[in-house]
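What follows is the content of final_27.cif (mmCIF, C-alpha atoms).
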data_protein
#
loop_
_atom_site.label_atom_id
_atom_site.label_comp_id
_atom_site.auth_asym_id
_atom_site.auth_seq_id
_atom_site.Cartn_x
_atom_site.Cartn_y
_atom_site.Cartn_z
CA MET A 1 -3.95 0.67 -25.04
CA THR A 2 -2.10 1.81 -28.10
CA SER A 3 -1.26 -1.65 -29.35
CA THR A 4 -1.94 -2.43 -32.97
CA LEU A 5 -3.89 -5.37 -31.60
CA ASP A 6 -6.24 -3.03 -29.74
CA THR A 7 -9.58 -4.03 -31.20
CA SER A 8 -11.88 -1.98 -28.95
CA PRO A 9 -14.28 0.28 -30.81
CA GLY A 10 -14.76 3.87 -29.66
CA PRO A 11 -17.65 4.86 -27.37
CA SER A 12 -19.87 6.31 -30.11
CA GLU A 13 -19.41 3.22 -32.29
CA ARG A 14 -20.21 0.99 -29.31
CA ALA A 15 -23.33 3.03 -28.55
CA ARG A 16 -24.43 2.93 -32.19
CA VAL A 17 -24.03 -0.86 -32.43
CA ARG A 18 -25.72 -1.38 -29.07
CA ARG A 19 -28.67 0.80 -30.08
CA PHE A 20 -29.00 -1.06 -33.37
CA ALA A 21 -28.78 -4.50 -31.73
CA LEU A 22 -31.40 -3.59 -29.12
CA THR A 23 -33.96 -2.19 -31.57
CA PHE A 24 -33.29 -5.03 -34.02
CA VAL A 25 -33.88 -7.70 -31.38
CA LEU A 26 -37.03 -5.90 -30.18
CA THR A 27 -38.52 -5.89 -33.67
CA ILE A 28 -37.65 -9.57 -34.18
CA VAL A 29 -39.32 -10.43 -30.84
CA ALA A 30 -42.36 -8.40 -31.95
CA PHE A 31 -42.36 -10.35 -35.21
CA GLY A 32 -42.33 -13.65 -33.30
CA LEU A 33 -45.22 -12.54 -31.07
CA VAL A 34 -47.36 -11.28 -33.97
CA LEU A 35 -46.59 -14.44 -35.96
CA ALA A 36 -47.62 -16.61 -33.01
CA ALA A 37 -50.82 -14.59 -32.56
CA SER A 38 -51.51 -14.91 -36.28
CA LEU A 39 -51.09 -18.69 -36.19
CA ILE A 40 -53.15 -19.10 -32.99
CA TRP A 41 -56.03 -16.68 -33.55
CA GLY A 42 -55.80 -15.94 -37.26
CA ASP A 43 -57.90 -18.91 -38.40
CA LEU A 44 -55.65 -19.02 -41.48
CA ASP A 45 -57.30 -22.22 -42.79
CA GLY A 46 -60.81 -20.78 -42.31
CA ASP A 47 -62.85 -18.55 -44.59
CA SER A 48 -63.11 -15.35 -42.57
CA PRO A 49 -61.99 -12.31 -44.54
CA TRP A 50 -60.02 -11.28 -41.43
CA ARG A 51 -57.65 -14.21 -41.99
CA LEU A 52 -55.96 -12.22 -44.76
CA ALA A 53 -55.26 -9.35 -42.36
CA TRP A 54 -53.95 -11.85 -39.80
CA ALA A 55 -51.79 -13.51 -42.47
CA VAL A 56 -49.99 -10.29 -43.37
CA ALA A 57 -49.88 -8.88 -39.82
CA PRO A 58 -46.33 -10.26 -39.18
CA ALA A 59 -45.14 -8.14 -42.11
CA VAL A 60 -45.71 -4.99 -40.00
CA PRO A 61 -42.90 -5.66 -37.45
CA ILE A 62 -40.72 -6.86 -40.34
CA ALA A 63 -41.27 -3.50 -42.03
CA VAL A 64 -40.13 -1.84 -38.80
CA THR A 65 -37.07 -4.15 -38.83
CA ALA A 66 -36.34 -2.98 -42.36
CA GLY A 67 -36.54 0.62 -41.15
CA VAL A 68 -34.09 -0.15 -38.34
CA LEU A 69 -31.70 -1.76 -40.83
CA ILE A 70 -31.97 1.15 -43.27
CA ARG A 71 -31.24 3.63 -40.48
CA TYR A 72 -28.20 1.59 -39.44
CA VAL A 73 -26.91 1.41 -43.01
CA ALA A 74 -27.47 5.15 -43.46
CA SER A 75 -25.30 5.82 -40.41
CA SER A 76 -22.51 3.50 -41.62
CA ASP A 77 -19.22 4.81 -42.97
CA GLU A 78 -17.97 4.38 -46.54
CA PHE A 79 -16.05 1.15 -45.92
CA GLU A 80 -18.94 -0.46 -44.06
CA ILE A 81 -21.34 0.46 -46.86
CA LEU A 82 -18.97 -1.01 -49.43
CA GLN A 83 -18.73 -4.27 -47.47
CA LEU A 84 -22.50 -4.31 -47.04
CA CYS A 85 -23.10 -3.78 -50.77
CA LYS A 86 -20.71 -6.61 -51.67
CA SER A 87 -22.31 -9.09 -49.29
CA LEU A 88 -25.80 -7.96 -50.25
CA ALA A 89 -24.96 -8.49 -53.92
CA VAL A 90 -23.87 -12.07 -53.19
CA GLY A 91 -27.10 -12.68 -51.23
CA PHE A 92 -29.15 -11.16 -54.04
CA VAL A 93 -27.51 -13.40 -56.67
CA ALA A 94 -28.13 -16.47 -54.49
CA ALA A 95 -31.80 -15.51 -54.02
CA MET A 96 -32.19 -14.95 -57.78
CA MET A 97 -30.57 -18.32 -58.51
CA ALA A 98 -32.90 -20.00 -56.00
CA SER A 99 -35.95 -18.34 -57.58
CA ILE A 100 -34.86 -19.41 -61.09
CA VAL A 101 -34.35 -23.01 -59.92
CA ALA A 102 -37.73 -22.92 -58.17
CA GLY A 103 -39.35 -21.50 -61.31
CA LEU A 104 -37.82 -24.25 -63.48
CA LEU A 105 -38.91 -26.95 -61.04
CA GLY A 106 -42.37 -25.34 -60.90
CA ALA A 107 -42.54 -25.49 -64.70
CA ALA A 108 -41.87 -29.22 -64.40
CA GLY A 109 -44.85 -29.54 -62.07
CA LEU A 110 -43.05 -29.67 -58.70
CA GLU A 111 -45.01 -27.78 -56.06
CA MET A 112 -43.06 -26.44 -53.11
CA PRO A 113 -45.03 -25.15 -50.13
CA GLY A 114 -43.48 -22.09 -48.47
CA LEU A 115 -41.39 -21.33 -51.55
CA GLY A 116 -41.19 -17.62 -50.74
CA PHE A 117 -39.71 -18.39 -47.33
CA ILE A 118 -37.17 -20.79 -48.88
CA ILE A 119 -35.95 -18.14 -51.33
CA TYR A 120 -35.89 -15.56 -48.52
CA GLY A 121 -33.86 -17.98 -46.38
CA VAL A 122 -31.36 -18.67 -49.17
CA GLY A 123 -30.84 -14.94 -49.75
CA MET A 124 -30.51 -14.06 -46.08
CA PHE A 125 -28.23 -16.99 -45.26
CA THR A 126 -25.93 -16.25 -48.19
CA TRP A 127 -25.86 -12.55 -47.24
CA LEU A 128 -24.87 -13.54 -43.70
CA VAL A 129 -22.11 -15.92 -44.86
CA ALA A 130 -20.77 -13.36 -47.35
CA SER A 131 -20.73 -10.70 -44.59
CA ILE A 132 -18.72 -12.97 -42.29
CA VAL A 133 -16.27 -13.96 -45.05
CA LEU A 134 -15.70 -10.32 -46.01
CA ARG A 135 -15.19 -9.35 -42.36
CA ILE A 136 -12.55 -11.99 -41.64
CA ARG A 137 -10.78 -11.79 -45.01
CA MET B 1 -1.66 2.34 -52.24
CA ASN B 2 0.79 2.40 -49.32
CA ASN B 3 0.16 4.44 -46.22
CA MET B 4 1.79 5.51 -43.00
CA LEU B 5 -1.39 5.60 -40.94
CA ARG B 6 -0.38 3.00 -38.38
CA ASP B 7 2.97 4.72 -37.70
CA ARG B 8 1.32 8.13 -37.41
CA ARG B 9 -1.35 6.79 -35.08
CA GLN B 10 1.15 5.01 -32.87
CA GLU B 11 3.37 8.10 -32.72
CA ARG B 12 0.45 9.86 -31.08
CA GLY B 13 -0.33 6.94 -28.80
CA TRP B 14 -3.83 6.52 -30.15
CA SER B 15 -5.70 3.24 -30.34
CA GLN B 16 -7.55 2.28 -33.50
CA GLY B 17 -10.80 2.94 -31.65
CA ALA B 18 -9.67 6.44 -30.68
CA LEU B 19 -8.68 7.26 -34.26
CA ALA B 20 -11.99 5.85 -35.51
CA GLU B 21 -13.82 8.01 -33.00
CA ALA B 22 -11.95 11.13 -34.13
CA LEU B 23 -12.67 10.36 -37.79
CA GLY B 24 -16.30 9.35 -37.26
CA VAL B 25 -15.79 5.88 -38.77
CA SER B 26 -15.75 2.37 -37.34
CA ARG B 27 -12.67 0.70 -35.86
CA GLN B 28 -12.98 -1.93 -38.57
CA THR B 29 -12.60 0.82 -41.17
CA VAL B 30 -9.44 2.14 -39.51
CA ASN B 31 -8.05 -1.39 -39.48
CA ALA B 32 -8.88 -1.84 -43.18
CA LEU B 33 -7.16 1.48 -43.97
CA GLU B 34 -4.04 0.65 -41.99
CA THR B 35 -3.65 -2.80 -43.50
CA GLY B 36 -4.18 -1.45 -47.01
CA ARG B 37 -7.34 -3.45 -47.60
CA TYR B 38 -9.24 -0.27 -48.30
CA ASP B 39 -8.22 3.02 -49.90
CA PRO B 40 -10.18 5.96 -48.48
CA SER B 41 -12.32 8.35 -50.45
CA LEU B 42 -10.84 11.79 -51.01
CA PRO B 43 -12.98 13.42 -48.26
CA LEU B 44 -11.86 10.78 -45.74
CA ALA B 45 -8.23 11.18 -46.85
CA PHE B 46 -8.55 14.94 -46.26
CA ARG B 47 -10.03 14.29 -42.80
CA LEU B 48 -7.08 12.03 -42.00
CA ALA B 49 -4.61 14.64 -43.22
CA ALA B 50 -6.31 17.34 -41.15
CA LEU B 51 -6.26 15.11 -38.08
CA PHE B 52 -2.56 14.35 -38.44
CA ALA B 53 -1.83 17.96 -39.46
CA CYS B 54 -0.05 16.98 -42.65
CA ARG B 55 -0.63 16.71 -46.36
CA ILE B 56 -2.35 13.71 -47.95
CA GLU B 57 0.87 12.84 -49.80
CA GLU B 58 2.61 12.48 -46.45
CA LEU B 59 0.12 9.81 -45.44
CA PHE B 60 -0.44 7.98 -48.70
CA GLU B 61 1.81 7.12 -51.58
CA PRO B 62 1.00 5.15 -54.72
CA SER B 63 2.34 1.63 -55.00
CA ALA B 64 4.06 0.39 -58.15
CA GLU B 65 0.82 -1.36 -59.01
CA ASP B 66 -1.08 1.95 -58.78
CA LEU B 67 1.39 3.59 -61.14
CA GLY B 68 1.41 0.68 -63.55
CA GLY B 69 -1.59 1.99 -65.45
CA ALA B 70 -0.51 5.64 -65.45
CA ARG B 71 -0.24 7.27 -68.85
CA GLY B 72 1.55 10.39 -69.68
#
Written as structure tokens, how would this file's structure read?
Amino acid sequence: MTSTLDTSPGPSERARVRRFALTFVLTIVAFGLVLAASLIWGDLDGDSPWRLAWAVAPAVPIAVTAGVLIRYVASSDEFEILQLCKSLAVGFVAAMMASIVAGLLGAAGLEMPGLGFIIYGVGMFTWLVASIVLRIR
Amino acid sequence: MNNMLRDRRQERGWSQGALAEALGVSRQTVNALETGRYDPSLPLAFRLAALFACRIEELFEPSAEDLGGARG
């Protein structure tokens, strides 16, 4: 129990992480459902003015996800926030690099459908990798 | 910075999780403090000192590297 190898978090930390994981997963599931509804009933290729509302509808659960993340970060301790800022900075740099490369390719006439999602993916993936590297270092 | 956190914790028979709980930080943070990967802020150092009923200097001491840049 008192071993230096004891890696069990305390009860309040466990509860905090569990609460975060649950609400995070719920918002991601909501995002998936709204996205599916948008693709099925949104008539995104049509000309109804409602298609614009359908197109941005998935952003609502993502905004809730952002709120969940912000609340989790706000309840983090000083070391966790430092680690988060470092990994976020790496993800931000990667996303900026991706957007510069995309901009240069765009200037050369290369059109990339879903470019925003690609840049988002690069930033998020790099953030995730940087978080894992910092955690195990 | 060198510290005696692990020794002090083990003297009391606390796990890292228990110390984290008492300090209001994560277990990962306690581990980072004990292994010297992270130096605490002054408020956290005071909380640690209060918890172990000692002075900050009894928990932390500067390493040679820390003193290398000292001027006086």
Give me the result of the PyMOL selection byres ((chain B) within 12 of (chain A)) on this file, residue by residue, as an MDAnalysis selection string. chainID B and resid 5:35 37:45
Separation of CA of Met1 (chain B) from CA of Arg47 (chain B), in Å and rounded to one decimal: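 Taking CA of Met1 (chain B) and CA of Arg47 (chain B), their separation equals 17.4 Å.
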Which residues match the PyMOL selection byres ((chain A and resi 62-72) around 8) in the file above, as a PDB file with C-alpha atoms, in the frame of the given file?
ATOM      1  CA  PHE A  20     -29.000  -1.060 -33.370  1.00  0.00           C
ATOM      2  CA  THR A  23     -33.960  -2.190 -31.570  1.00  0.00           C
ATOM      3  CA  PHE A  24     -33.290  -5.030 -34.020  1.00  0.00           C
ATOM      4  CA  THR A  27     -38.520  -5.890 -33.670  1.00  0.00           C
ATOM      5  CA  ILE A  28     -37.650  -9.570 -34.180  1.00  0.00           C
ATOM      6  CA  PHE A  31     -42.360 -10.350 -35.210  1.00  0.00           C
ATOM      7  CA  PRO A  58     -46.330 -10.260 -39.180  1.00  0.00           C
ATOM      8  CA  ALA A  59     -45.140  -8.140 -42.110  1.00  0.00           C
ATOM      9  CA  VAL A  60     -45.710  -4.990 -40.000  1.00  0.00           C
ATOM     10  CA  PRO A  61     -42.900  -5.660 -37.450  1.00  0.00           C
ATOM     11  CA  VAL A  73     -26.910   1.410 -43.010  1.00  0.00           C
ATOM     12  CA  ALA A  74     -27.470   5.150 -43.460  1.00  0.00           C
ATOM     13  CA  SER A  75     -25.300   5.820 -40.410  1.00  0.00           C
ATOM     14  CA  SER A  76     -22.510   3.500 -41.620  1.00  0.00           C
TER      15      SER A  76
END
Can you work out the spacing between CA of Gly123 (chain A) and CA of Ala98 (chain A) in Å, to one decimal?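 Atom-to-atom, CA of Gly123 (chain A) to CA of Ala98 (chain A), that is 8.3 Å.
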Rounded to one decimal, what separation in Å do you get between CA of Ser99 (chain A) and CA of Gln83 (chain A)? 24.4 Å
